[in-house]
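All remarks here apply to the structure that follows.
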Amino acid sequence: YHVNDAASVFAGYSKGIAPPGADSFYNAFFFAPGTAGTKPTPETTDNFDLGLRYRTGHIQAQVSGFYNQFHNRLASAYDPTLDQNVYRNLGNVRKYGIDGSIAYQPIDALTFYLQGSVMKSEIRDNVAIGENADGTTIYAPTAGKRESGAATYSWGGSVRGELGPVELGLTAKRTGPRYVYDTNLATYQGSFV
């Protein structure tokens, strides 16, 4: 929706599906008939976003908020005990946050650009990781934790200039901290004596 010649408001909704990739099947030599591995559940998402865009002769800016609800979130992680990547289903995961960017072009041959985002990720339930000898399920304490690999923030910028047929630019980006494990436990290096 165009508020005026320079500003507009936008909103969107999309639904996605991501079937398990071949990598997850190649991770296992054999799935016994009737086990969960023989009929993997696809990941589905409901995605919402809302934002504002602003554009004039020299400035272009945007800020938006997003909310993504994942069902059967598929993820992979390195298991140091097995010395290989393993795939797992995190169940319901939600991600939400804010993205923003601004570009400034004082003259045709020079452009400055800044962007940033802040994101929250939350695994809704504890994830099943195995079974006890008596058949009861073993759960990892993941409920309420941040999904591994999901950075808390990122920001960056660039400057680009044109000198006749030559274009020069400099780009930098900073990605914030993220967890290695879905349980959000610390990692350690070295050994204890």
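Convention: chains lettered A, B, ... in structure tokens order; per-chain residue numbering from 1; ligands numbered from 1 as shown.
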
Test item: residues at most 7 Å from Lys120 (chain A), only C-alpha atoms, excluding those fewer than 4 positions along its chain, as a list of chain:residue names: A:Lys95, A:Tyr96, A:Gly97, A:Thr152

Kindly export the residues of the current selection with N, CA and C atoms, as a compact mmCIF listing (two decimals), in the first residue's frame.
```
# COMPACT_ATOMS: atom_id res chain seq x y z
N LYS A 95 10.68 -18.75 14.68
CA LYS A 95 11.72 -17.74 14.53
C LYS A 95 11.03 -16.42 14.24
N TYR A 96 11.53 -15.37 14.87
CA TYR A 96 10.95 -14.06 14.61
C TYR A 96 12.01 -12.99 14.86
N GLY A 97 11.81 -11.84 14.24
CA GLY A 97 12.79 -10.79 14.40
C GLY A 97 12.51 -9.60 13.52
N THR A 152 22.11 -14.53 16.78
CA THR A 152 21.24 -13.57 17.47
C THR A 152 21.09 -12.28 16.69
```

Set the distance at 9 Å and use only C-alpha atoms: which residues neighbour Thr183 (chain A) once local chain neighbours fewer than 2 positions away are removed? I'd like the list as a PDB file with N, CA, C and O atoms, in the first residue's frame.
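Below you can see result_22.pdb, which holds the result:
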```
ATOM      1  N   ALA A 140      16.293 -34.849  24.896  1.00  0.00           N
ATOM      2  CA  ALA A 140      17.273 -33.791  25.152  1.00  0.00           C
ATOM      3  C   ALA A 140      16.503 -32.571  25.638  1.00  0.00           C
ATOM      4  O   ALA A 140      15.415 -32.285  25.135  1.00  0.00           O
ATOM      5  N   PRO A 141      17.029 -31.827  26.618  1.00  0.00           N
ATOM      6  CA  PRO A 141      16.308 -30.664  27.157  1.00  0.00           C
ATOM      7  C   PRO A 141      16.397 -29.459  26.213  1.00  0.00           C
ATOM      8  O   PRO A 141      17.156 -28.525  26.437  1.00  0.00           O
ATOM      9  N   THR A 142      15.603 -29.486  25.140  1.00  0.00           N
ATOM     10  CA  THR A 142      15.647 -28.425  24.123  1.00  0.00           C
ATOM     11  C   THR A 142      14.472 -27.462  24.193  1.00  0.00           C
ATOM     12  O   THR A 142      14.500 -26.422  23.531  1.00  0.00           O
ATOM     13  N   ALA A 143      13.431 -27.782  24.957  1.00  0.00           N
ATOM     14  CA  ALA A 143      12.251 -26.913  25.009  1.00  0.00           C
ATOM     15  C   ALA A 143      12.633 -25.510  25.486  1.00  0.00           C
ATOM     16  O   ALA A 143      13.302 -25.348  26.502  1.00  0.00           O
ATOM     17  N   LYS A 145      14.731 -23.542  24.069  1.00  0.00           N
ATOM     18  CA  LYS A 145      16.109 -23.202  23.693  1.00  0.00           C
ATOM     19  C   LYS A 145      16.156 -22.636  22.275  1.00  0.00           C
ATOM     20  O   LYS A 145      15.275 -22.864  21.464  1.00  0.00           O
ATOM     21  N   ARG A 146      17.252 -21.939  22.008  1.00  0.00           N
ATOM     22  CA  ARG A 146      17.491 -21.391  20.674  1.00  0.00           C
ATOM     23  C   ARG A 146      18.010 -22.509  19.769  1.00  0.00           C
ATOM     24  O   ARG A 146      18.821 -23.327  20.186  1.00  0.00           O
ATOM     25  N   GLU A 147      17.563 -22.508  18.523  1.00  0.00           N
ATOM     26  CA  GLU A 147      18.034 -23.479  17.545  1.00  0.00           C
ATOM     27  C   GLU A 147      19.518 -23.251  17.277  1.00  0.00           C
ATOM     28  O   GLU A 147      19.965 -22.114  17.121  1.00  0.00           O
ATOM     29  N   SER A 148      20.299 -24.322  17.227  1.00  0.00           N
ATOM     30  CA  SER A 148      21.732 -24.178  16.978  1.00  0.00           C
ATOM     31  C   SER A 148      21.961 -23.587  15.592  1.00  0.00           C
ATOM     32  O   SER A 148      21.202 -23.839  14.663  1.00  0.00           O
ATOM     33  N   TYR A 179      24.655 -20.827  19.040  1.00  0.00           N
ATOM     34  CA  TYR A 179      24.980 -22.041  19.779  1.00  0.00           C
ATOM     35  C   TYR A 179      25.402 -23.161  18.835  1.00  0.00           C
ATOM     36  O   TYR A 179      24.944 -23.241  17.702  1.00  0.00           O
ATOM     37  N   VAL A 180      26.247 -24.054  19.324  1.00  0.00           N
ATOM     38  CA  VAL A 180      26.653 -25.240  18.588  1.00  0.00           C
ATOM     39  C   VAL A 180      25.597 -26.337  18.776  1.00  0.00           C
ATOM     40  O   VAL A 180      25.279 -27.059  17.844  1.00  0.00           O
ATOM     41  N   TYR A 181      25.046 -26.431  19.988  1.00  0.00           N
ATOM     42  CA  TYR A 181      24.085 -27.486  20.313  1.00  0.00           C
ATOM     43  C   TYR A 181      22.696 -26.907  20.540  1.00  0.00           C
ATOM     44  O   TYR A 181      22.543 -25.798  21.056  1.00  0.00           O
ATOM     45  N   LEU A 185      24.076 -25.681  25.474  1.00  0.00           N
ATOM     46  CA  LEU A 185      25.131 -25.895  26.448  1.00  0.00           C
ATOM     47  C   LEU A 185      26.452 -25.376  25.913  1.00  0.00           C
ATOM     48  O   LEU A 185      26.670 -25.308  24.706  1.00  0.00           O
TER      49      LEU A 185
END
```

Separation of CA of Arg55 (chain A) from CA of Ala7 (chain A) in Å: 6.5 Å

d(CA of Thr44 (chain A), CA of Ser101 (chain A)) in Å: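 If I compute the distance from CA of Thr44 (chain A) to CA of Ser101 (chain A), I get 28.2 Å.
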
Backbone DSSP call of strand (DSSP E or B) for chain A, listed as an MDAnalysis selection string: chainID A and resid 2 7:18 43:55 59:71 74:79 84:89 93:107 110:123 127:131 137:140 153:163 166:175

Kindly assemble as a tab-separated table a list of the region 71-119 of chain A residues that lie within 12 Å of region 161-165 of chain A, each paired with its nearest atom pair and their distance in Å to one decimal, using only C-alpha atoms, sorted first by chain and then by ascending residue number.
```
residue	atom	partner	partner_atom	distance
A:Gln105	CA	A:Gly161	CA	10.0
A:Pro106	CA	A:Gly161	CA	11.0
A:Ile107	CA	A:Gly161	CA	9.7
A:Asp108	CA	A:Glu162	CA	8.4
A:Ala109	CA	A:Glu162	CA	4.9
A:Leu110	CA	A:Gly161	CA	4.5
A:Thr111	CA	A:Gly161	CA	6.5
A:Phe112	CA	A:Gly161	CA	9.0
A:Tyr113	CA	A:Gly161	CA	11.7
```

Write the residues of the selection above to a file with N, CA, C and O atoms, as an mmCIF file, in the first residue's frame.
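See again-v2.cif below for the written result:
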```
data_model
loop_
_atom_site.group_PDB
_atom_site.id
_atom_site.type_symbol
_atom_site.label_atom_id
_atom_site.label_comp_id
_atom_site.auth_asym_id
_atom_site.auth_seq_id
_atom_site.Cartn_x
_atom_site.Cartn_y
_atom_site.Cartn_z
ATOM 1 N N GLN A 105 22.726 7.251 -1.853
ATOM 2 C CA GLN A 105 23.481 7.501 -3.073
ATOM 3 C C GLN A 105 23.574 9.018 -3.282
ATOM 4 O O GLN A 105 22.716 9.627 -3.920
ATOM 5 N N PRO A 106 24.627 9.645 -2.726
ATOM 6 C CA PRO A 106 24.737 11.105 -2.849
ATOM 7 C C PRO A 106 24.960 11.564 -4.290
ATOM 8 O O PRO A 106 24.483 12.624 -4.683
ATOM 9 N N ILE A 107 25.693 10.747 -5.071
ATOM 10 C CA ILE A 107 25.880 10.996 -6.497
ATOM 11 C C ILE A 107 25.754 9.660 -7.222
ATOM 12 O O ILE A 107 25.823 8.599 -6.591
ATOM 13 N N ASP A 108 25.585 9.692 -8.544
ATOM 14 C CA ASP A 108 25.370 8.449 -9.290
ATOM 15 C C ASP A 108 26.511 7.455 -9.141
ATOM 16 O O ASP A 108 26.299 6.246 -9.189
ATOM 17 N N ALA A 109 27.729 7.926 -8.944
ATOM 18 C CA ALA A 109 28.898 7.045 -8.918
ATOM 19 C C ALA A 109 29.259 6.530 -7.529
ATOM 20 O O ALA A 109 30.229 5.796 -7.382
ATOM 21 N N LEU A 110 28.482 6.858 -6.491
ATOM 22 C CA LEU A 110 28.842 6.480 -5.116
ATOM 23 C C LEU A 110 27.605 6.038 -4.348
ATOM 24 O O LEU A 110 26.596 6.752 -4.313
ATOM 25 N N THR A 111 27.699 4.855 -3.707
ATOM 26 C CA THR A 111 26.579 4.326 -2.932
ATOM 27 C C THR A 111 27.080 3.780 -1.601
ATOM 28 O O THR A 111 28.081 3.061 -1.555
ATOM 29 N N PHE A 112 26.372 4.129 -0.525
ATOM 30 C CA PHE A 112 26.626 3.587 0.811
ATOM 31 C C PHE A 112 25.426 2.713 1.197
ATOM 32 O O PHE A 112 24.280 3.078 0.927
ATOM 33 N N TYR A 113 25.697 1.585 1.845
ATOM 34 C CA TYR A 113 24.626 0.665 2.204
ATOM 35 C C TYR A 113 24.880 0.096 3.596
ATOM 36 O O TYR A 113 25.994 -0.334 3.903
#
```

Could you name the residues that touch Ser158 (chain A) at 10 Å or less, counting only C-alpha atoms, but leaving out those on the same chain fewer than 6 positions away, as a PDB file with all heavy atoms, in the first residue's frame?
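Produced file result_18.pdb, reproduced below:
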```pdb
ATOM      1  N   ALA A 103      20.091   2.488   2.031  1.00  0.00           N
ATOM      2  CA  ALA A 103      21.081   2.787   0.994  1.00  0.00           C
ATOM      3  C   ALA A 103      21.033   4.284   0.716  1.00  0.00           C
ATOM      4  O   ALA A 103      19.954   4.874   0.614  1.00  0.00           O
ATOM      5  CB  ALA A 103      20.781   1.996  -0.274  1.00  0.00           C
ATOM      6  N   THR A 111      27.699   4.855  -3.707  1.00  0.00           N
ATOM      7  CA  THR A 111      26.579   4.326  -2.932  1.00  0.00           C
ATOM      8  C   THR A 111      27.080   3.780  -1.601  1.00  0.00           C
ATOM      9  O   THR A 111      28.081   3.061  -1.555  1.00  0.00           O
ATOM     10  CB  THR A 111      25.868   3.191  -3.704  1.00  0.00           C
ATOM     11  OG1 THR A 111      25.457   3.663  -4.976  1.00  0.00           O
ATOM     12  CG2 THR A 111      24.665   2.674  -2.929  1.00  0.00           C
ATOM     13  N   PHE A 112      26.372   4.129  -0.525  1.00  0.00           N
ATOM     14  CA  PHE A 112      26.626   3.587   0.811  1.00  0.00           C
ATOM     15  C   PHE A 112      25.426   2.713   1.197  1.00  0.00           C
ATOM     16  O   PHE A 112      24.280   3.078   0.927  1.00  0.00           O
ATOM     17  CB  PHE A 112      26.772   4.703   1.844  1.00  0.00           C
ATOM     18  CG  PHE A 112      27.911   5.634   1.580  1.00  0.00           C
ATOM     19  CD1 PHE A 112      27.716   6.808   0.866  1.00  0.00           C
ATOM     20  CD2 PHE A 112      29.181   5.336   2.045  1.00  0.00           C
ATOM     21  CE1 PHE A 112      28.772   7.671   0.622  1.00  0.00           C
ATOM     22  CE2 PHE A 112      30.244   6.186   1.804  1.00  0.00           C
ATOM     23  CZ  PHE A 112      30.039   7.361   1.089  1.00  0.00           C
ATOM     24  N   TYR A 113      25.697   1.585   1.845  1.00  0.00           N
ATOM     25  CA  TYR A 113      24.626   0.665   2.204  1.00  0.00           C
ATOM     26  C   TYR A 113      24.880   0.096   3.596  1.00  0.00           C
ATOM     27  O   TYR A 113      25.994  -0.334   3.903  1.00  0.00           O
ATOM     28  CB  TYR A 113      24.559  -0.483   1.177  1.00  0.00           C
ATOM     29  CG  TYR A 113      23.557  -1.547   1.508  1.00  0.00           C
ATOM     30  CD1 TYR A 113      22.199  -1.349   1.281  1.00  0.00           C
ATOM     31  CD2 TYR A 113      23.956  -2.766   2.055  1.00  0.00           C
ATOM     32  CE1 TYR A 113      21.270  -2.342   1.579  1.00  0.00           C
ATOM     33  CE2 TYR A 113      23.043  -3.761   2.355  1.00  0.00           C
ATOM     34  CZ  TYR A 113      21.702  -3.537   2.111  1.00  0.00           C
ATOM     35  OH  TYR A 113      20.785  -4.510   2.421  1.00  0.00           O
ATOM     36  N   LEU A 114      23.855   0.078   4.437  1.00  0.00           N
ATOM     37  CA  LEU A 114      23.913  -0.523   5.775  1.00  0.00           C
ATOM     38  C   LEU A 114      22.724  -1.450   5.950  1.00  0.00           C
ATOM     39  O   LEU A 114      21.615  -1.140   5.493  1.00  0.00           O
ATOM     40  CB  LEU A 114      23.860   0.556   6.861  1.00  0.00           C
ATOM     41  CG  LEU A 114      25.048   1.488   6.998  1.00  0.00           C
ATOM     42  CD1 LEU A 114      24.727   2.595   8.006  1.00  0.00           C
ATOM     43  CD2 LEU A 114      26.283   0.716   7.431  1.00  0.00           C
ATOM     44  N   GLN A 115      22.942  -2.583   6.631  1.00  0.00           N
ATOM     45  CA  GLN A 115      21.848  -3.504   6.915  1.00  0.00           C
ATOM     46  C   GLN A 115      22.065  -4.131   8.278  1.00  0.00           C
ATOM     47  O   GLN A 115      23.192  -4.218   8.764  1.00  0.00           O
ATOM     48  CB  GLN A 115      21.745  -4.582   5.835  1.00  0.00           C
ATOM     49  CG  GLN A 115      22.911  -5.566   5.761  1.00  0.00           C
ATOM     50  CD  GLN A 115      22.838  -6.715   6.769  1.00  0.00           C
ATOM     51  OE1 GLN A 115      21.755  -7.115   7.178  1.00  0.00           O
ATOM     52  NE2 GLN A 115      23.981  -7.226   7.177  1.00  0.00           N
ATOM     53  N   GLY A 169      34.611  -1.547  -4.602  1.00  0.00           N
ATOM     54  CA  GLY A 169      33.719  -1.646  -3.463  1.00  0.00           C
ATOM     55  C   GLY A 169      34.378  -2.302  -2.268  1.00  0.00           C
ATOM     56  O   GLY A 169      35.386  -2.998  -2.392  1.00  0.00           O
ATOM     57  N   LEU A 170      33.803  -2.061  -1.116  1.00  0.00           N
ATOM     58  CA  LEU A 170      34.259  -2.656   0.129  1.00  0.00           C
ATOM     59  C   LEU A 170      33.021  -3.094   0.897  1.00  0.00           C
ATOM     60  O   LEU A 170      32.095  -2.302   1.089  1.00  0.00           O
ATOM     61  CB  LEU A 170      35.065  -1.638   0.946  1.00  0.00           C
ATOM     62  CG  LEU A 170      35.569  -2.107   2.309  1.00  0.00           C
ATOM     63  CD1 LEU A 170      36.592  -3.224   2.133  1.00  0.00           C
ATOM     64  CD2 LEU A 170      36.165  -0.946   3.071  1.00  0.00           C
ATOM     65  N   THR A 171      33.016  -4.351   1.318  1.00  0.00           N
ATOM     66  CA  THR A 171      31.865  -4.905   2.032  1.00  0.00           C
ATOM     67  C   THR A 171      32.343  -5.576   3.307  1.00  0.00           C
ATOM     68  O   THR A 171      33.377  -6.237   3.316  1.00  0.00           O
ATOM     69  CB  THR A 171      31.131  -5.941   1.153  1.00  0.00           C
ATOM     70  OG1 THR A 171      30.697  -5.316  -0.049  1.00  0.00           O
ATOM     71  CG2 THR A 171      29.932  -6.521   1.884  1.00  0.00           C
ATOM     72  N   ALA A 172      31.589  -5.397   4.384  1.00  0.00           N
ATOM     73  CA  ALA A 172      31.907  -6.036   5.663  1.00  0.00           C
ATOM     74  C   ALA A 172      30.610  -6.518   6.311  1.00  0.00           C
ATOM     75  O   ALA A 172      29.555  -5.897   6.139  1.00  0.00           O
ATOM     76  CB  ALA A 172      32.616  -5.061   6.590  1.00  0.00           C
ATOM     77  N   LYS A 173      30.706  -7.627   7.032  1.00  0.00           N
ATOM     78  CA  LYS A 173      29.535  -8.167   7.721  1.00  0.00           C
ATOM     79  C   LYS A 173      29.964  -8.782   9.041  1.00  0.00           C
ATOM     80  O   LYS A 173      31.006  -9.428   9.122  1.00  0.00           O
ATOM     81  CB  LYS A 173      28.839  -9.218   6.862  1.00  0.00           C
ATOM     82  CG  LYS A 173      27.573  -9.765   7.508  1.00  0.00           C
ATOM     83  CD  LYS A 173      26.867 -10.758   6.622  1.00  0.00           C
ATOM     84  CE  LYS A 173      25.605 -11.272   7.305  1.00  0.00           C
ATOM     85  NZ  LYS A 173      24.909 -12.277   6.497  1.00  0.00           N
TER      86      LYS A 173
END
```

Proximity to Tyr87 (chain A) - best of A:Val63, A:Leu50, A:Ile129, A:Val3, only C-alpha atoms: A:Ile129

Surrounding residues of Asn92 (chain A) excluding itself and chain neighbours under 6 positions, 7 Å, only C-alpha atoms, as a PyMOL selection string: chain A and resi 70-73+123-124

How would the residues just chosen look if you wrote them out with N, CA and C atoms as a CSV table (one decimal), in the first residue's frame?
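Once written, again_29.csv looks like this:
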```
chain,number,residue,atom,x,y,z
A,70,PHE,N,7.8,-23.2,12.1
A,70,PHE,CA,8.3,-24.4,11.4
A,70,PHE,C,7.6,-25.6,12.1
A,71,HIS,N,7.1,-26.6,11.3
A,71,HIS,CA,6.6,-27.8,11.8
A,71,HIS,C,7.6,-28.9,11.3
A,72,ASN,N,8.0,-29.8,12.2
A,72,ASN,CA,8.9,-30.9,11.8
A,72,ASN,C,10.2,-30.3,11.2
A,73,ARG,N,10.8,-29.3,12.0
A,73,ARG,CA,12.0,-28.6,11.6
A,73,ARG,C,13.1,-29.6,11.4
A,123,ILE,N,12.9,-23.5,20.1
A,123,ILE,CA,12.4,-24.8,19.9
A,123,ILE,C,11.3,-25.0,21.0
A,124,ARG,N,10.2,-25.5,20.5
A,124,ARG,CA,9.0,-25.6,21.4
A,124,ARG,C,9.0,-26.7,22.4
```

Per-residue DSSP, region 11-133 of chain A, filtered to alpha helix (DSSP H), as a list of chain:residue names: A:Ala22, A:Asp23, A:Ser24, A:Phe25, A:Tyr26

Got time to write the residues from that selection, all heavy atoms, as an mmCIF file, in the first residue's frame?
```
data_model
loop_
_atom_site.group_PDB
_atom_site.id
_atom_site.type_symbol
_atom_site.label_atom_id
_atom_site.label_comp_id
_atom_site.auth_asym_id
_atom_site.auth_seq_id
_atom_site.Cartn_x
_atom_site.Cartn_y
_atom_site.Cartn_z
ATOM 1 N N ALA A 22 18.316 -35.803 0.098
ATOM 2 C CA ALA A 22 18.977 -37.096 -0.073
ATOM 3 C C ALA A 22 20.082 -37.305 0.960
ATOM 4 O O ALA A 22 20.376 -38.433 1.337
ATOM 5 C CB ALA A 22 19.539 -37.205 -1.490
ATOM 6 N N ASP A 23 20.698 -36.204 1.435
ATOM 7 C CA ASP A 23 21.781 -36.335 2.413
ATOM 8 C C ASP A 23 21.351 -37.092 3.658
ATOM 9 O O ASP A 23 22.111 -37.872 4.219
ATOM 10 C CB ASP A 23 22.312 -34.961 2.819
ATOM 11 C CG ASP A 23 23.034 -34.266 1.675
ATOM 12 O OD1 ASP A 23 23.316 -34.944 0.667
ATOM 13 O OD2 ASP A 23 23.289 -33.072 1.796
ATOM 14 N N SER A 24 20.139 -36.848 4.112
ATOM 15 C CA SER A 24 19.682 -37.528 5.328
ATOM 16 C C SER A 24 19.519 -39.027 5.097
ATOM 17 O O SER A 24 19.723 -39.825 5.997
ATOM 18 C CB SER A 24 18.375 -36.915 5.829
ATOM 19 O OG SER A 24 17.364 -37.037 4.841
ATOM 20 N N PHE A 25 19.149 -39.415 3.872
ATOM 21 C CA PHE A 25 19.028 -40.846 3.584
ATOM 22 C C PHE A 25 20.400 -41.493 3.440
ATOM 23 O O PHE A 25 20.604 -42.630 3.821
ATOM 24 C CB PHE A 25 18.207 -41.070 2.308
ATOM 25 C CG PHE A 25 16.781 -40.670 2.460
ATOM 26 C CD1 PHE A 25 16.258 -39.624 1.726
ATOM 27 C CD2 PHE A 25 15.950 -41.331 3.352
ATOM 28 C CE1 PHE A 25 14.935 -39.248 1.874
ATOM 29 C CE2 PHE A 25 14.624 -40.958 3.510
ATOM 30 C CZ PHE A 25 14.122 -39.924 2.763
ATOM 31 N N TYR A 26 21.357 -40.762 2.853
ATOM 32 C CA TYR A 26 22.697 -41.316 2.684
ATOM 33 C C TYR A 26 23.435 -41.434 4.011
ATOM 34 O O TYR A 26 24.435 -42.127 4.093
ATOM 35 C CB TYR A 26 23.521 -40.454 1.721
ATOM 36 C CG TYR A 26 22.967 -40.446 0.312
ATOM 37 C CD1 TYR A 26 23.057 -39.306 -0.466
ATOM 38 C CD2 TYR A 26 22.355 -41.567 -0.236
ATOM 39 C CE1 TYR A 26 22.556 -39.288 -1.762
ATOM 40 C CE2 TYR A 26 21.855 -41.558 -1.519
ATOM 41 C CZ TYR A 26 21.963 -40.414 -2.280
ATOM 42 O OH TYR A 26 21.458 -40.409 -3.546
#
```

Å distance separating CA of Arg53 (chain A) from CA of Ala6 (chain A), one decimal place: 8.1 Å

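Remark: for Ser14 (chain A), the closest of the candidate residues A:Thr56, A:Asn85, A:Thr45, A:Thr175 is A:Thr45 (distances computed over only C-alpha atoms).
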
Long-range neighbours of Glu43 (chain A) as a PyMOL selection string, 12 Å cut-off, only C-alpha atoms, 5 positions minimum in chain: chain A and resi 15-21+69-75+88-93

Convert the current residue selection to file output with N, CA and C atoms, as a PDB file, in the first residue's frame.
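Writing the result to again_19.pdb gives the following:
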```
ATOM      1  N   LYS A  15       3.363 -20.127   2.668  1.00  0.00           N
ATOM      2  CA  LYS A  15       3.415 -21.444   3.286  1.00  0.00           C
ATOM      3  C   LYS A  15       4.438 -22.241   2.506  1.00  0.00           C
ATOM      4  N   GLY A  16       5.328 -22.952   3.207  1.00  0.00           N
ATOM      5  CA  GLY A  16       6.378 -23.692   2.523  1.00  0.00           C
ATOM      6  C   GLY A  16       6.413 -25.150   2.932  1.00  0.00           C
ATOM      7  N   ILE A  17       7.060 -25.945   2.067  1.00  0.00           N
ATOM      8  CA  ILE A  17       7.274 -27.358   2.364  1.00  0.00           C
ATOM      9  C   ILE A  17       8.679 -27.718   1.901  1.00  0.00           C
ATOM     10  N   ALA A  18       9.391 -28.492   2.716  1.00  0.00           N
ATOM     11  CA  ALA A  18      10.750 -28.921   2.396  1.00  0.00           C
ATOM     12  C   ALA A  18      10.874 -30.404   2.706  1.00  0.00           C
ATOM     13  N   PRO A  19      10.760 -31.248   1.677  1.00  0.00           N
ATOM     14  CA  PRO A  19      10.936 -32.678   1.918  1.00  0.00           C
ATOM     15  C   PRO A  19      12.364 -32.958   2.358  1.00  0.00           C
ATOM     16  N   PRO A  20      12.600 -34.041   3.091  1.00  0.00           N
ATOM     17  CA  PRO A  20      13.963 -34.383   3.501  1.00  0.00           C
ATOM     18  C   PRO A  20      14.856 -34.556   2.280  1.00  0.00           C
ATOM     19  N   GLY A  21      16.072 -34.042   2.348  1.00  0.00           N
ATOM     20  CA  GLY A  21      17.008 -34.161   1.243  1.00  0.00           C
ATOM     21  C   GLY A  21      17.657 -35.532   1.201  1.00  0.00           C
ATOM     22  N   GLN A  69       6.835 -19.978  11.577  1.00  0.00           N
ATOM     23  CA  GLN A  69       6.504 -21.142  12.391  1.00  0.00           C
ATOM     24  C   GLN A  69       6.850 -22.393  11.594  1.00  0.00           C
ATOM     25  N   PHE A  70       7.831 -23.168  12.098  1.00  0.00           N
ATOM     26  CA  PHE A  70       8.250 -24.409  11.449  1.00  0.00           C
ATOM     27  C   PHE A  70       7.578 -25.592  12.139  1.00  0.00           C
ATOM     28  N   HIS A  71       7.150 -26.557  11.346  1.00  0.00           N
ATOM     29  CA  HIS A  71       6.629 -27.831  11.849  1.00  0.00           C
ATOM     30  C   HIS A  71       7.556 -28.924  11.312  1.00  0.00           C
ATOM     31  N   ASN A  72       7.981 -29.827  12.178  1.00  0.00           N
ATOM     32  CA  ASN A  72       8.940 -30.876  11.801  1.00  0.00           C
ATOM     33  C   ASN A  72      10.224 -30.254  11.250  1.00  0.00           C
ATOM     34  N   ARG A  73      10.777 -29.320  11.995  1.00  0.00           N
ATOM     35  CA  ARG A  73      11.990 -28.617  11.564  1.00  0.00           C
ATOM     36  C   ARG A  73      13.131 -29.609  11.391  1.00  0.00           C
ATOM     37  N   LEU A  74      13.660 -29.708  10.177  1.00  0.00           N
ATOM     38  CA  LEU A  74      14.751 -30.625   9.874  1.00  0.00           C
ATOM     39  C   LEU A  74      16.073 -29.880  10.014  1.00  0.00           C
ATOM     40  N   ALA A  75      17.021 -30.486  10.695  1.00  0.00           N
ATOM     41  CA  ALA A  75      18.314 -29.837  10.918  1.00  0.00           C
ATOM     42  C   ALA A  75      19.392 -30.900  10.987  1.00  0.00           C
ATOM     43  N   ARG A  88      18.182 -34.536  12.446  1.00  0.00           N
ATOM     44  CA  ARG A  88      17.182 -34.712  13.481  1.00  0.00           C
ATOM     45  C   ARG A  88      15.979 -33.835  13.175  1.00  0.00           C
ATOM     46  N   ASN A  89      14.860 -34.192  13.781  1.00  0.00           N
ATOM     47  CA  ASN A  89      13.617 -33.442  13.638  1.00  0.00           C
ATOM     48  C   ASN A  89      13.407 -32.688  14.945  1.00  0.00           C
ATOM     49  N   LEU A  90      13.464 -31.362  14.883  1.00  0.00           N
ATOM     50  CA  LEU A  90      13.307 -30.546  16.087  1.00  0.00           C
ATOM     51  C   LEU A  90      11.852 -30.286  16.439  1.00  0.00           C
ATOM     52  N   GLY A  91      10.933 -30.797  15.645  1.00  0.00           N
ATOM     53  CA  GLY A  91       9.513 -30.567  15.924  1.00  0.00           C
ATOM     54  C   GLY A  91       9.119 -29.147  15.565  1.00  0.00           C
ATOM     55  N   ASN A  92       8.377 -28.497  16.447  1.00  0.00           N
ATOM     56  CA  ASN A  92       7.915 -27.131  16.203  1.00  0.00           C
ATOM     57  C   ASN A  92       8.972 -26.120  16.657  1.00  0.00           C
ATOM     58  N   VAL A  93       9.347 -25.243  15.747  1.00  0.00           N
ATOM     59  CA  VAL A  93      10.316 -24.184  16.024  1.00  0.00           C
ATOM     60  C   VAL A  93       9.743 -22.885  15.497  1.00  0.00           C
TER      61      VAL A  93
END
```

Selection near Phe48 (chain A), 8 Å with only C-alpha atoms, sequence-local residues under 4 positions removed, as a ChimeraX atom specification: /A:11-14,66-68
